[in-house]
Structures are given as C-alpha cells and as structure tokens.
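Input: a single structure, listed below in structure tokens.
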Amino acid sequence: MGLSIDSKRLVKVSEFREDTARWLDEAEEGPVFILRHGTPKAVLIGTKAFEELLDRAALRAELDRREKEGVSEIDLRDL
C-alpha cells in the first residue's frame with residue numbers, strides 16, 4: 001500500500017520543534033509527515049483521526065472473530 005503524501009503536510013524535525021503548536025493544529029486537519037534527513041519517519045494525526053482508526057480496528061477485529069466462528073450473516077446494528 002503506497003502513501004500519497006501532500007508536500008504541504010511534510011515537515012522537517014527541526015521545523016516541527018520550532019513550531020510544534022502549528023503542526024499539532026495541522027494534524028487535526030490531516031496527517032503530518034515528520035521527516036528526518038528527507039525521509040518520513042513519523043506521522044502525526046489528530047485525535048479524531050486516531051479515534052476513527054481505533055474504531056476501524058475494533059470493527060475489523062469483530063468481523064474477523066465472527067468469520068472464524070462461521071457467522072455468515074451480520075446485522076450491522078449488532079456492531
């Protein structure tokens with residue numbers, strides 16, 4: 001899976017340190033890729049995006065569990 005990275009969302013570690021508050025705000029709008037020596041080393045995401053990732057992971061785990069149990073029909077209201 002390749003990443004499509006908007007160049008406006010790339011920040012050098014040194015720039016990140018100088019204006020951390022700005023990049024924290026930016027992370028609420030979308031992922032911020034922190035570069036070291038020109039290579040992405042970390043991704044900063046906002047709390048809403050993090051919560052969505054956790055929800056997706058929990059849903060995936062539940063669907064996998066039900067598949068292992070042989071549940072062929074899933075009522076979405078149960079999730």
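Letters for chains follow the order of the structure tokens (A, B, ...), residue numbers begin at 1 for each chain, and ligand numbers begin at 1 in the order shown.
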Selection: 9 Å around stretch 27-41 of chain A, only C-alpha atoms, excl. self and same-chain fewer than 2 positions, as JSON, numbers by chain: {"A": [5, 8, 9, 10, 11, 12, 13, 14, 16, 22, 23, 24, 25, 43, 44, 45, 46, 47, 48, 49]}
DSSP helix (DSSP H, G or I) selection over chain A, as a PyMOL selection string: chain A and resi 7-9+13-18+20-29+47-68+76-78
Secondary structure check, strand (DSSP E or B) residues of stretch 23-57 of chain A, as a VMD selection string: chain A and resid 32 to 36 39 to 44
Atom-to-atom span, atom CA of A:Glu51 and atom CA of A:Leu63, Å: 18.3 Å
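Atom CA of A:Ser7 is found 17.4 Å from atom CA of A:Asp19.
Atom CA of A:Glu26 to atom CA of A:Leu59 spans 27.4 Å [interatomic distance, one decimal].
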